[in-house]
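Engineer: One file: coords.cif (mmCIF, C-alpha atoms).
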```
data_protein
loop_
_atom_site.label_atom_id
_atom_site.label_comp_id
_atom_site.auth_asym_id
_atom_site.auth_seq_id
_atom_site.Cartn_x
_atom_site.Cartn_y
_atom_site.Cartn_z
CA MET A 1 -5.24 22.74 -20.53
CA ASN A 2 -6.77 20.17 -22.81
CA LYS A 3 -6.65 16.57 -21.68
CA VAL A 4 -9.59 15.38 -23.68
CA VAL A 5 -8.86 13.22 -26.69
CA ALA A 6 -11.40 11.90 -29.17
CA ASN A 7 -10.91 8.20 -28.74
CA ALA A 8 -8.55 5.34 -27.86
CA GLU A 9 -6.61 5.58 -31.12
CA GLU A 10 -5.74 9.20 -30.41
CA ALA A 11 -4.99 8.48 -26.74
CA ILE A 12 -2.38 5.84 -27.58
CA LYS A 13 -0.99 7.39 -30.77
CA ASP A 14 2.50 8.00 -29.35
CA ILE A 15 2.90 4.57 -27.71
CA GLU A 16 5.65 2.86 -29.65
CA SER A 17 7.02 -0.67 -29.75
CA GLY A 18 9.20 -1.42 -26.73
CA ALA A 19 7.16 0.71 -24.32
CA THR A 20 6.42 -0.29 -20.71
CA ILE A 21 2.70 0.02 -20.03
CA MET A 22 0.59 -0.47 -16.90
CA PHE A 23 -2.96 -1.70 -17.39
CA GLY A 24 -5.51 -1.33 -14.62
CA GLY A 25 -7.96 -4.10 -13.80
CA PHE A 26 -8.37 -7.29 -11.80
CA GLY A 27 -9.12 -10.22 -14.05
CA LEU A 28 -11.43 -8.66 -16.64
CA CYS A 29 -12.96 -6.30 -14.08
CA GLY A 30 -12.14 -2.64 -14.68
CA ILE A 31 -9.83 -3.15 -17.66
CA PRO A 32 -9.32 -0.39 -20.27
CA GLU A 33 -11.06 -2.27 -23.07
CA ASN A 34 -10.92 0.54 -25.64
CA CYS A 35 -7.20 1.19 -25.34
CA ILE A 36 -6.34 -2.52 -25.36
CA GLN A 37 -8.25 -2.91 -28.62
CA ALA A 38 -6.52 0.16 -30.08
CA ILE A 39 -3.09 -1.22 -29.17
CA VAL A 40 -3.98 -4.55 -30.75
CA LYS A 41 -5.10 -2.72 -33.89
CA LYS A 42 -1.98 -0.54 -33.97
CA GLY A 43 0.15 -3.69 -33.95
CA ILE A 44 3.07 -2.36 -31.86
CA ASN A 45 5.12 -5.04 -30.17
CA ASN A 46 7.98 -5.78 -27.80
CA LEU A 47 5.84 -4.34 -25.02
CA THR A 48 6.39 -4.79 -21.31
CA CYS A 49 3.03 -5.04 -19.54
CA ILE A 50 2.44 -4.46 -15.85
CA SER A 51 -0.98 -5.75 -14.87
CA ASN A 52 -2.35 -7.99 -12.13
CA ASN A 53 -3.53 -10.55 -14.69
CA ALA A 54 -3.04 -11.32 -18.36
CA GLY A 55 -6.67 -11.46 -19.48
CA VAL A 56 -8.23 -14.56 -21.01
CA ASP A 57 -7.39 -16.03 -24.40
CA ASP A 58 -9.84 -13.92 -26.37
CA PHE A 59 -10.29 -10.82 -24.21
CA GLY A 60 -8.29 -8.19 -22.38
CA ILE A 61 -4.51 -8.48 -22.44
CA GLY A 62 -5.00 -11.96 -23.94
CA LEU A 63 -5.73 -10.20 -27.25
CA MET A 64 -2.22 -8.71 -27.23
CA LEU A 65 -0.75 -12.12 -26.41
CA GLN A 66 -2.55 -13.67 -29.37
CA LYS A 67 -0.80 -11.15 -31.63
CA ARG A 68 2.58 -11.71 -29.92
CA GLN A 69 2.82 -8.06 -28.92
CA LEU A 70 4.33 -8.71 -25.51
CA LYS A 71 7.98 -9.17 -24.69
CA LYS A 72 7.49 -9.27 -20.95
CA MET A 73 4.60 -9.62 -18.54
CA ILE A 74 4.77 -8.47 -14.93
CA ALA A 75 1.75 -9.87 -13.06
CA SER A 76 0.65 -11.70 -9.92
CA TYR A 77 -1.70 -14.29 -11.38
CA VAL A 78 -1.88 -15.52 -14.94
CA GLY A 79 -4.14 -18.58 -14.80
CA GLU A 80 -7.15 -18.64 -17.13
CA ASN A 81 -4.96 -18.02 -20.17
CA ALA A 82 -3.71 -21.01 -22.19
CA GLU A 83 -1.83 -18.91 -24.76
CA PHE A 84 0.04 -17.17 -21.95
CA GLU A 85 1.10 -20.47 -20.44
CA ARG A 86 2.21 -21.73 -23.87
CA GLN A 87 4.34 -18.63 -24.60
CA LEU A 88 5.85 -18.78 -21.12
CA LEU A 89 6.75 -22.48 -21.21
CA SER A 90 8.19 -22.13 -24.73
CA GLY A 91 10.32 -19.19 -23.65
CA GLU A 92 8.74 -16.69 -26.09
CA LEU A 93 7.51 -14.52 -23.25
CA GLU A 94 9.48 -13.22 -20.31
CA VAL A 95 7.45 -13.30 -17.11
CA ASP A 96 8.01 -11.71 -13.75
CA LEU A 97 5.52 -13.00 -11.20
CA VAL A 98 5.10 -10.57 -8.32
CA PRO A 99 3.04 -11.04 -5.14
CA GLN A 100 -0.20 -9.11 -5.55
CA GLY A 101 0.29 -6.80 -2.58
CA THR A 102 3.85 -6.11 -3.70
CA LEU A 103 2.59 -5.33 -7.20
CA ALA A 104 0.02 -2.89 -5.82
CA THR A 105 2.53 -1.28 -3.48
CA ARG A 106 5.15 -0.87 -6.21
CA CYS A 107 2.52 1.01 -8.24
CA MET A 108 1.50 3.04 -5.20
CA ILE A 109 5.00 4.18 -4.26
CA ALA A 110 5.66 5.22 -7.86
CA GLY A 111 2.70 7.56 -7.55
CA TYR A 112 3.84 8.82 -4.16
CA GLY A 113 7.42 9.52 -5.29
CA ILE A 114 8.96 6.85 -3.06
CA PRO A 115 11.74 4.91 -4.83
CA PHE A 116 11.65 1.64 -2.88
CA VAL A 117 9.97 -0.02 0.06
CA PRO A 118 10.77 -2.93 2.43
CA LEU A 119 8.18 -5.73 2.20
CA LEU A 120 7.82 -9.10 3.91
CA ALA A 121 5.99 -10.92 1.13
CA GLY A 122 8.21 -13.41 -0.67
CA VAL A 123 10.99 -13.65 1.94
CA GLY A 124 12.48 -17.14 1.69
CA THR A 125 10.90 -17.79 -1.71
CA GLU A 126 11.98 -17.57 -5.36
CA VAL A 127 10.68 -14.00 -5.33
CA ALA A 128 13.56 -13.04 -3.03
CA GLU A 129 16.26 -14.26 -5.39
CA GLY A 130 18.67 -11.49 -6.35
CA LYS A 131 16.89 -8.92 -4.17
CA GLU A 132 18.51 -6.67 -1.63
CA THR A 133 17.22 -7.22 1.91
CA VAL A 134 17.06 -5.21 5.09
CA THR A 135 16.55 -6.46 8.65
CA ARG A 136 14.65 -4.58 11.34
CA ASN A 137 13.75 -5.94 14.77
CA GLY A 138 14.88 -9.38 13.71
CA LYS A 139 12.65 -9.50 10.64
CA GLN A 140 14.01 -9.62 7.13
CA TYR A 141 12.35 -7.59 4.39
CA LEU A 142 12.84 -7.48 0.62
CA ILE A 143 13.64 -4.14 -0.98
CA GLU A 144 11.02 -3.65 -3.67
CA GLU A 145 11.40 -0.91 -6.27
CA ALA A 146 8.80 1.53 -7.54
CA PHE A 147 7.64 0.63 -11.04
CA ASP A 148 8.88 2.81 -13.86
CA ALA A 149 6.23 2.78 -16.59
CA ASP A 150 6.13 4.92 -19.73
CA PHE A 151 2.35 4.80 -19.78
CA ALA A 152 -0.42 3.85 -17.36
CA ILE A 153 -3.76 3.06 -18.93
CA VAL A 154 -6.73 2.95 -16.59
CA LYS A 155 -10.49 2.56 -16.78
CA ALA A 156 -12.80 4.66 -14.61
CA TRP A 157 -16.55 4.86 -14.26
CA LYS A 158 -16.81 8.63 -14.43
CA GLY A 159 -14.32 11.31 -15.20
CA ASP A 160 -14.37 15.01 -15.90
CA LYS A 161 -12.50 16.98 -18.53
CA LEU A 162 -9.82 17.92 -15.98
CA GLY A 163 -9.02 14.23 -15.49
CA ASN A 164 -10.65 13.72 -12.09
CA LEU A 165 -11.75 10.10 -11.81
CA ILE A 166 -14.27 8.00 -9.92
CA PHE A 167 -14.20 4.21 -10.03
CA ARG A 168 -17.11 1.89 -9.47
CA ASP A 169 -17.22 -1.06 -7.04
CA THR A 170 -14.38 -3.57 -7.34
CA ALA A 171 -13.51 -2.22 -10.80
CA ARG A 172 -11.40 0.19 -8.75
CA ASN A 173 -8.68 -2.38 -7.84
CA PHE A 174 -5.33 -1.36 -9.38
CA ASN A 175 -6.72 1.53 -11.43
CA PRO A 176 -6.20 4.49 -9.04
CA LEU A 177 -2.72 3.21 -8.11
CA MET A 178 -1.60 2.89 -11.70
CA ALA A 179 -3.21 6.21 -12.60
CA MET A 180 -0.73 7.81 -10.19
CA ALA A 181 2.23 5.80 -11.41
CA GLY A 182 2.61 6.29 -15.17
CA LYS A 183 4.88 8.88 -16.76
CA ILE A 184 1.88 9.48 -18.98
CA THR A 185 -1.52 8.38 -17.71
CA ILE A 186 -4.41 7.70 -20.03
CA ALA A 187 -7.88 7.30 -18.58
CA GLU A 188 -10.84 5.89 -20.46
CA VAL A 189 -14.18 6.43 -18.77
CA GLU A 190 -17.73 5.27 -19.21
CA GLU A 191 -19.03 8.77 -18.74
CA LEU A 192 -17.06 11.97 -19.39
CA VAL A 193 -18.58 15.07 -17.80
CA GLU A 194 -17.87 18.79 -17.48
CA PRO A 195 -15.76 20.03 -14.54
CA GLY A 196 -18.03 20.82 -11.61
CA THR A 197 -20.33 17.89 -12.24
CA LEU A 198 -18.52 15.48 -9.92
CA ASP A 199 -18.57 16.12 -6.17
CA PRO A 200 -14.93 16.93 -5.19
CA ASN A 201 -15.41 14.83 -2.04
CA THR A 202 -15.95 11.70 -4.08
CA ILE A 203 -12.94 11.91 -6.42
CA HIS A 204 -10.68 8.85 -6.18
CA THR A 205 -7.95 10.07 -8.56
CA PRO A 206 -7.26 13.82 -8.72
CA GLY A 207 -6.85 15.09 -12.27
CA ILE A 208 -3.21 16.10 -11.73
CA TYR A 209 -2.28 12.47 -12.34
CA VAL A 210 -4.20 12.15 -15.60
CA ASN A 211 -2.75 13.39 -18.90
CA ARG A 212 -5.38 12.19 -21.36
CA ILE A 213 -9.02 11.27 -20.96
CA PHE A 214 -11.78 10.10 -23.28
CA GLN A 215 -15.19 8.51 -23.11
CA GLY A 216 -14.97 4.90 -24.20
CA VAL A 217 -17.48 3.15 -26.44
CA THR A 218 -19.26 -0.21 -26.40
CA TYR A 219 -17.96 -1.68 -23.17
CA GLU A 220 -18.41 -5.42 -23.14
CA LYS A 221 -17.52 -5.79 -19.43
CA ARG A 222 -17.17 -9.52 -19.75
CA ILE A 223 -17.77 -11.60 -16.63
CA GLU A 224 -15.18 -14.31 -16.00
CA GLN A 225 -17.07 -16.40 -13.43
CA ARG A 226 -20.81 -15.84 -13.51
CA THR A 227 -21.98 -17.10 -10.12
CA THR A 228 -25.56 -16.62 -8.95
CA ARG A 229 -28.11 -17.94 -6.50
CA LYS A 230 -31.72 -18.80 -7.16
CA ARG A 231 -34.50 -16.43 -6.17
CA ASN A 232 -36.71 -17.89 -3.47
CA MET B 233 -15.18 -41.78 5.92
CA ALA B 234 -12.80 -39.03 4.98
CA LEU B 235 -14.38 -35.56 4.89
CA ASN B 236 -15.62 -34.19 1.60
CA LYS B 237 -14.80 -30.63 0.58
CA GLU B 238 -17.99 -29.22 2.08
CA GLN B 239 -17.24 -30.91 5.40
CA ILE B 240 -13.69 -29.55 5.44
CA ALA B 241 -15.17 -26.08 4.97
CA GLN B 242 -17.79 -26.74 7.64
CA ARG B 243 -15.14 -27.79 10.16
CA ILE B 244 -13.02 -24.72 9.43
CA ALA B 245 -16.06 -22.52 9.96
CA LYS B 246 -16.09 -23.64 13.61
CA GLU B 247 -12.80 -21.76 14.04
CA LEU B 248 -14.48 -18.42 13.28
CA GLN B 249 -14.96 -16.05 16.17
CA ASP B 250 -17.38 -13.19 16.47
CA GLY B 251 -15.94 -9.98 15.07
CA TYR B 252 -13.26 -11.62 12.93
CA TYR B 253 -12.15 -10.09 9.66
CA VAL B 254 -11.49 -13.10 7.42
CA ASN B 255 -9.88 -13.62 4.03
CA LEU B 256 -11.00 -16.79 2.28
CA GLY B 257 -8.94 -18.17 -0.60
CA ILE B 258 -10.21 -19.81 -3.75
CA GLY B 259 -11.73 -23.32 -3.69
CA ILE B 260 -12.63 -25.04 -0.40
CA PRO B 261 -11.87 -21.86 1.63
CA THR B 262 -14.60 -19.98 -0.27
CA MET B 263 -17.14 -22.58 0.91
CA VAL B 264 -16.41 -21.70 4.55
CA ALA B 265 -18.72 -18.72 4.07
CA ASN B 266 -21.64 -21.16 3.71
CA TYR B 267 -21.18 -22.53 7.24
CA ILE B 268 -20.67 -19.50 9.46
CA PRO B 269 -22.14 -20.57 12.83
CA ASP B 270 -25.28 -18.88 14.16
CA GLY B 271 -24.53 -15.93 16.39
CA ILE B 272 -21.08 -15.40 14.89
CA ASN B 273 -20.66 -12.28 12.79
CA VAL B 274 -17.58 -12.08 10.62
CA VAL B 275 -16.60 -9.64 7.87
CA LEU B 276 -15.20 -11.26 4.73
CA GLN B 277 -12.33 -9.49 3.02
CA SER B 278 -11.77 -9.98 -0.68
CA GLU B 279 -8.28 -8.84 -1.63
CA ASN B 280 -9.37 -7.26 -4.90
CA GLY B 281 -10.81 -4.48 -2.76
CA LEU B 282 -13.91 -5.31 -0.72
CA LEU B 283 -14.73 -5.67 2.96
CA GLY B 284 -18.12 -7.14 3.67
CA MET B 285 -18.49 -9.61 0.84
CA GLY B 286 -22.04 -10.78 0.38
CA PRO B 287 -23.49 -13.88 -1.28
CA PHE B 288 -23.70 -14.51 -5.01
CA PRO B 289 -26.23 -12.21 -6.72
CA PHE B 290 -29.65 -13.44 -7.74
CA GLU B 291 -29.83 -14.60 -11.34
CA GLY B 292 -30.00 -11.55 -13.57
CA ASP B 293 -28.47 -9.23 -10.96
CA GLU B 294 -24.83 -10.03 -11.82
CA ASP B 295 -22.65 -6.94 -12.09
CA ALA B 296 -19.34 -7.15 -13.98
CA ASP B 297 -17.92 -4.42 -11.72
CA LEU B 298 -18.52 -6.42 -8.55
CA ILE B 299 -16.44 -9.56 -8.20
CA ASN B 300 -14.39 -11.37 -5.57
CA ALA B 301 -10.73 -12.36 -5.80
CA GLY B 302 -11.79 -15.58 -7.53
CA LYS B 303 -13.41 -13.39 -10.23
CA GLN B 304 -16.87 -14.64 -9.25
CA THR B 305 -19.79 -12.24 -9.32
CA ILE B 306 -20.79 -11.37 -5.77
CA THR B 307 -22.75 -8.73 -3.84
CA THR B 308 -22.06 -6.14 -1.20
CA LEU B 309 -23.81 -6.08 2.20
CA PRO B 310 -25.06 -3.22 4.34
CA GLY B 311 -21.81 -1.80 5.73
CA SER B 312 -19.52 -2.98 2.94
CA ALA B 313 -16.53 -0.90 1.92
CA ILE B 314 -14.64 -0.72 -1.39
CA PHE B 315 -10.98 0.25 -1.72
CA ASP B 316 -7.99 -0.10 -4.00
CA SER B 317 -5.52 -2.99 -4.09
CA ALA B 318 -2.78 -1.20 -2.13
CA MET B 319 -5.12 -0.45 0.77
CA SER B 320 -6.41 -4.00 0.58
CA PHE B 321 -2.95 -5.39 1.17
CA GLY B 322 -2.27 -2.62 3.66
CA MET B 323 -4.97 -4.01 5.93
CA ILE B 324 -3.57 -7.51 5.43
CA ARG B 325 0.05 -6.49 5.97
CA SER B 326 -0.66 -4.44 9.08
CA GLY B 327 -2.36 -7.38 10.77
CA ARG B 328 -5.98 -6.21 10.68
CA VAL B 329 -7.17 -9.40 9.03
CA ASP B 330 -7.68 -11.92 11.84
CA LEU B 331 -7.80 -15.14 9.87
CA THR B 332 -6.73 -16.34 6.45
CA VAL B 333 -7.97 -19.64 5.05
CA LEU B 334 -6.23 -20.95 1.97
CA GLY B 335 -5.47 -24.09 0.04
CA ALA B 336 -2.07 -25.74 -0.27
CA MET B 337 -0.23 -28.26 -2.38
CA GLU B 338 2.19 -29.02 0.47
CA VAL B 339 2.69 -28.02 4.10
CA ALA B 340 5.89 -28.77 6.01
CA GLU B 341 6.08 -29.77 9.67
CA ASN B 342 7.60 -26.35 10.49
CA GLY B 343 4.64 -24.51 8.92
CA ASP B 344 6.17 -23.73 5.53
CA ILE B 345 3.58 -23.72 2.75
CA ALA B 346 3.84 -24.34 -1.00
CA ASN B 347 0.82 -23.51 -3.13
CA TRP B 348 1.77 -21.42 -6.14
CA LYS B 349 3.93 -23.23 -8.64
CA ILE B 350 4.83 -26.62 -10.04
CA PRO B 351 8.07 -26.02 -11.95
CA GLY B 352 7.78 -26.72 -15.67
CA LYS B 353 4.13 -27.63 -15.33
CA MET B 354 1.91 -25.05 -13.71
CA VAL B 355 2.72 -21.36 -13.79
CA LYS B 356 -0.36 -19.52 -12.69
CA GLY B 357 1.31 -17.24 -10.19
CA MET B 358 0.97 -16.57 -6.49
CA GLY B 359 -1.74 -13.91 -6.64
CA GLY B 360 -2.14 -12.59 -3.10
CA ALA B 361 -1.02 -15.78 -1.35
CA MET B 362 2.54 -14.68 -0.57
CA ASP B 363 1.36 -11.39 0.91
CA LEU B 364 -1.30 -13.15 2.98
CA VAL B 365 0.96 -15.84 4.41
CA ALA B 366 3.70 -13.33 5.18
CA ALA B 367 1.36 -11.16 7.21
CA ALA B 368 -1.63 -13.04 8.59
CA LYS B 369 -1.61 -13.75 12.30
CA ASN B 370 -3.61 -16.92 11.91
CA ILE B 371 -3.49 -19.14 8.85
CA ILE B 372 -5.61 -22.26 8.42
CA VAL B 373 -4.95 -24.48 5.44
CA ALA B 374 -7.75 -26.46 3.80
CA MET B 375 -6.35 -29.35 1.80
CA GLN B 376 -6.53 -32.95 0.74
CA HIS B 377 -4.22 -35.00 2.93
CA THR B 378 -2.63 -36.87 0.03
CA ASP B 379 -2.15 -36.26 -3.69
CA LYS B 380 -3.92 -38.32 -6.35
CA ALA B 381 -1.17 -40.95 -6.18
CA GLY B 382 -1.69 -41.26 -2.41
CA ASN B 383 1.49 -39.41 -1.39
CA SER B 384 1.35 -37.33 1.77
CA LYS B 385 1.08 -33.57 1.36
CA LEU B 386 2.04 -33.04 5.02
CA LEU B 387 5.79 -33.30 4.69
CA PRO B 388 9.05 -32.97 6.64
CA LYS B 389 10.01 -30.29 4.09
CA CYS B 390 8.22 -28.82 1.07
CA SER B 391 9.47 -30.12 -2.28
CA LEU B 392 7.68 -27.45 -4.36
CA PRO B 393 8.64 -23.76 -4.44
CA ILE B 394 7.74 -22.15 -1.12
CA THR B 395 4.98 -19.55 -0.75
CA GLY B 396 5.85 -18.58 2.81
CA LEU B 397 7.97 -19.72 5.74
CA ARG B 398 6.74 -21.05 9.12
CA CYS B 399 3.32 -19.52 8.78
CA VAL B 400 0.65 -22.26 8.85
CA LYS B 401 -0.94 -22.65 12.29
CA LYS B 402 -3.61 -25.24 11.57
CA ILE B 403 -4.58 -27.70 8.84
CA VAL B 404 -7.99 -29.21 8.18
CA SER B 405 -7.58 -32.06 5.72
CA ASP B 406 -10.03 -34.71 4.62
CA LEU B 407 -8.55 -36.95 7.34
CA GLY B 408 -8.32 -34.68 10.34
CA VAL B 409 -7.53 -31.45 12.13
CA PHE B 410 -3.87 -30.71 12.86
CA ASP B 411 -2.05 -27.99 14.72
CA VAL B 412 1.36 -27.03 13.41
CA ALA B 413 3.48 -26.69 16.54
CA ALA B 414 7.17 -26.45 17.41
CA GLY B 415 7.55 -30.23 17.25
CA GLY B 416 5.66 -30.73 13.99
CA PHE B 417 2.07 -31.73 13.20
CA VAL B 418 -0.24 -32.51 16.11
CA LEU B 419 -3.36 -34.55 15.39
CA ARG B 420 -6.24 -32.96 17.30
CA GLU B 421 -9.25 -34.52 15.62
CA TYR B 422 -9.78 -37.35 13.16
CA ALA B 423 -12.52 -37.66 10.56
CA PRO B 424 -15.36 -40.04 11.45
CA GLY B 425 -14.36 -43.57 10.50
CA VAL B 426 -10.70 -42.70 9.89
CA THR B 427 -8.22 -44.34 12.25
CA VAL B 428 -5.25 -42.69 13.86
CA GLU B 429 -3.14 -45.47 12.34
CA GLU B 430 -4.30 -44.52 8.83
CA ILE B 431 -3.45 -40.86 9.49
CA LYS B 432 -0.01 -41.84 10.79
CA ALA B 433 0.59 -43.91 7.65
CA LYS B 434 -0.45 -41.07 5.37
CA THR B 435 1.54 -38.31 7.10
CA ALA B 436 5.17 -38.07 6.00
CA GLY B 437 6.08 -35.19 8.31
CA LYS B 438 6.63 -35.59 12.03
CA LEU B 439 3.30 -36.29 13.69
CA THR B 440 2.31 -36.49 17.32
CA ILE B 441 -1.12 -37.43 18.58
CA ALA B 442 -2.76 -35.08 21.05
CA ALA B 443 -3.54 -36.72 24.39
CA ASP B 444 -7.16 -35.60 24.03
CA VAL B 445 -7.52 -36.55 20.35
CA LYS B 446 -11.16 -37.00 19.37
CA GLU B 447 -13.48 -37.46 16.44
CA ILE B 448 -14.43 -34.35 14.45
CA SER B 449 -17.90 -33.15 15.27
CA PHE B 450 -19.84 -30.54 13.33
#
```
What does this structure look like when you write it as structure tokens?

Structural biologist:
Amino acid sequence: MNKVVANAEEAIKDIESGATIMFGGFGLCGIPENCIQAIVKKGINNLTCISNNAGVDDFGIGLMLQKRQLKKMIASYVGENAEFERQLLSGELEVDLVPQGTLATRCMIAGYGIPFVPLLAGVGTEVAEGKETVTRNGKQYLIEEAFDADFAIVKAWKGDKLGNLIFRDTARNFNPLMAMAGKITIAEVEELVEPGTLDPNTIHTPGIYVNRIFQGVTYEKRIEQRTTRKRN
Amino acid sequence: MALNKEQIAQRIAKELQDGYYVNLGIGIPTMVANYIPDGINVVLQSENGLLGMGPFPFEGDEDADLINAGKQTITTLPGSAIFDSAMSFGMIRSGRVDLTVLGAMEVAENGDIANWKIPGKMVKGMGGAMDLVAAAKNIIVAMQHTDKAGNSKLLPKCSLPITGLRCVKKIVSDLGVFDVAAGGFVLREYAPGVTVEEIKAKTAGKLTIAADVKEISF
């Protein structure tokens, strides 16, 4: 078993135009920076992206938007990105806005082998349009489908060569859910270690879900809203 | 004088009860954390995956891996817990979060809320708002009473795309505190210096005045 690849270029080498790809992260927190840059460099297009957000104009998924690589974006919140809004309003980009909990749950059930799930969020709203519903105990629920993604690309703090992953702080967010949900899961990590180094009790994503892993380089980890307080 | 944003947050903070788990939305709701009354301990939930949200970090201590749902750098507290986004909405959906405070563009007299989209104009997305309003037991809306043109945002029916149906229980606007009851909006408290007549004139939805209506105190 060899899951270790040299770098992002090698990890994404079989991702072709037209693929559906999940990207972990919340805002710019916990995004797979190396793989995003490699996809931008590779220049593939017509991609469908599943990610909570769409980056900012000059970082994260925003870099792929700048190069018009996306056909469709599935996300819960896409503010903070002028180019996104422009492509959406001009009709260049197809967008499916999904409630955040629904987005997370549709990733989760994909990883758990559950095809669909009844959820309350969005009942009576535009989100419900065209969706099957089910009623239990007088409450109506929307039937929400598991995502079907060709690739899931996630960013972890530490990983071992068997693909076991540990995330750090709120950079966890969608990453472990998407790691379980891709047909092929690629993990980039800040620190890649030998099996046996990580305490099995602390693993967030078991290696069975991870197909490829590599240690990323030069993480910028950009902060979107730098908020601080003064020292007394 | 109508309330400023800080005062709206301060008034909402009086609704907090000891032991509450609370989700605060972006904007005025976030400021509620600055006014938690003495002797009241609440745990703040941030839907990107944190229970026990602490204050902003000291200058120089910012950590890109530790943010709130508004993408602001924050801190943890003793007893904080980190989890993934599915678990985060699991605790919301299953009713463990006692109170949600969020902003709104419009609220209808039946408790419908619109706060995620202006067709053809603003397309930022709903984020976690639809999940929160569908599930939370207690929702307080923090909002300006009227838009910039002076039109009421407390309406008979929402004109913008709906975020959730019949879910808002209470509104604190710059003009007053309102319950959302079976018969529409009920004015409970008015801002200092604001008359009941002014509030009536600026509320398009059905409004009744509580028999014990009084001035907001902090």

Engineer: With 4 Å of padding per side, what axis-aligned box (centre and edge lengths, Å, one decimal) covers all the listed atoms of range 52-68 of chain A? Give it as AutoDock Vina command-line options.

Structural biologist:
```
--center_x -3.9 --center_y -12.0 --center_z -21.9 --size_x 20.9 --size_y 16.0 --size_z 27.5
```

Engineer: When the PyMOL selection byres ((chain A) within 8 of (chain B)) is applied to the structure above, which residues does it catch, written out as a ChimeraX atom specification?

Structural biologist: /A:26-27,29-30,75-79,85,89,97-102,104-105,108,120-126,168-177,221-231

Engineer: Using only C-alpha atoms, which of B:Leu248, B:Ala368, B:Ala433, B:Val274 sits nearest Arg398 in chain B?

Structural biologist: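 The shortest atom-to-atom distance to Arg398 in chain B comes from B:Ala368.
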
Engineer: Run the PyMOL selection byres ((chain A and resi 155) around 8) against the file shown and list the residues it catches, as a VMD selection string.

Structural biologist: chain A and resid 24 to 25 30 to 33 153 to 154 156 to 157 167 175 187 to 189

Engineer: Would you translate the PyMOL selection byres ((chain B and resi 408) around 8) into the concrete set of residues it matches in this file, as a ChimeraX atom specification?

Structural biologist: /B:404-407,409-410,419-423,431,448

Engineer: At a cut-off of 8 Å, using all atoms listed in the file, what residues contact Val329 in chain B? Leave out same-chain residues fewer than 2 positions from it and give the result as a VMD selection string.

Structural biologist: chain B and resid 252 to 255 277 323 to 324 327 331 to 332 368 to 369

Engineer: Any idea what's packed within 12 Å of Ala8 in chain A, counting all atoms listed in the file, ignoring anything in its chain fewer than 2 positions away? Could you give it as a short mmCIF file (atom, residue, chain, number, x, y, z; two decimals) with C-alpha atoms, in the frame of the given file?

Structural biologist:
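Here's the written file around-v2.cif:
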```
data_model
loop_
_atom_site.label_atom_id
_atom_site.label_comp_id
_atom_site.auth_asym_id
_atom_site.auth_seq_id
_atom_site.Cartn_x
_atom_site.Cartn_y
_atom_site.Cartn_z
CA VAL A 4 -9.59 15.38 -23.68
CA VAL A 5 -8.86 13.22 -26.69
CA ALA A 6 -11.40 11.90 -29.17
CA GLU A 10 -5.74 9.20 -30.41
CA ALA A 11 -4.99 8.48 -26.74
CA ILE A 12 -2.38 5.84 -27.58
CA LYS A 13 -0.99 7.39 -30.77
CA ASP A 14 2.50 8.00 -29.35
CA ILE A 15 2.90 4.57 -27.71
CA PRO A 32 -9.32 -0.39 -20.27
CA GLU A 33 -11.06 -2.27 -23.07
CA ASN A 34 -10.92 0.54 -25.64
CA CYS A 35 -7.20 1.19 -25.34
CA ILE A 36 -6.34 -2.52 -25.36
CA GLN A 37 -8.25 -2.91 -28.62
CA ALA A 38 -6.52 0.16 -30.08
CA ILE A 39 -3.09 -1.22 -29.17
CA VAL A 40 -3.98 -4.55 -30.75
CA LYS A 41 -5.10 -2.72 -33.89
CA LYS A 42 -1.98 -0.54 -33.97
CA ILE A 153 -3.76 3.06 -18.93
CA VAL A 154 -6.73 2.95 -16.59
CA LYS A 155 -10.49 2.56 -16.78
CA ILE A 186 -4.41 7.70 -20.03
CA ALA A 187 -7.88 7.30 -18.58
CA GLU A 188 -10.84 5.89 -20.46
CA VAL A 189 -14.18 6.43 -18.77
CA ARG A 212 -5.38 12.19 -21.36
CA ILE A 213 -9.02 11.27 -20.96
CA PHE A 214 -11.78 10.10 -23.28
CA GLN A 215 -15.19 8.51 -23.11
CA GLY A 216 -14.97 4.90 -24.20
CA VAL A 217 -17.48 3.15 -26.44
#
```

Engineer: Can you pull out every residue within 6 Å of Thr48 in chain A, counting only C-alpha atoms, but drop anything in the same chain fewer than 5 positions away, and send it as number ranges by chain?

Structural biologist: A: 20, 71-73

Engineer: Between B:Gly437, B:Pro261, B:Pro269, B:Pro310, single out the one closest to Lys385 in chain B, counting all atoms listed in the file.

Structural biologist: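 Ranked by minimum distance to Lys385 in chain B, first place goes to B:Gly437.
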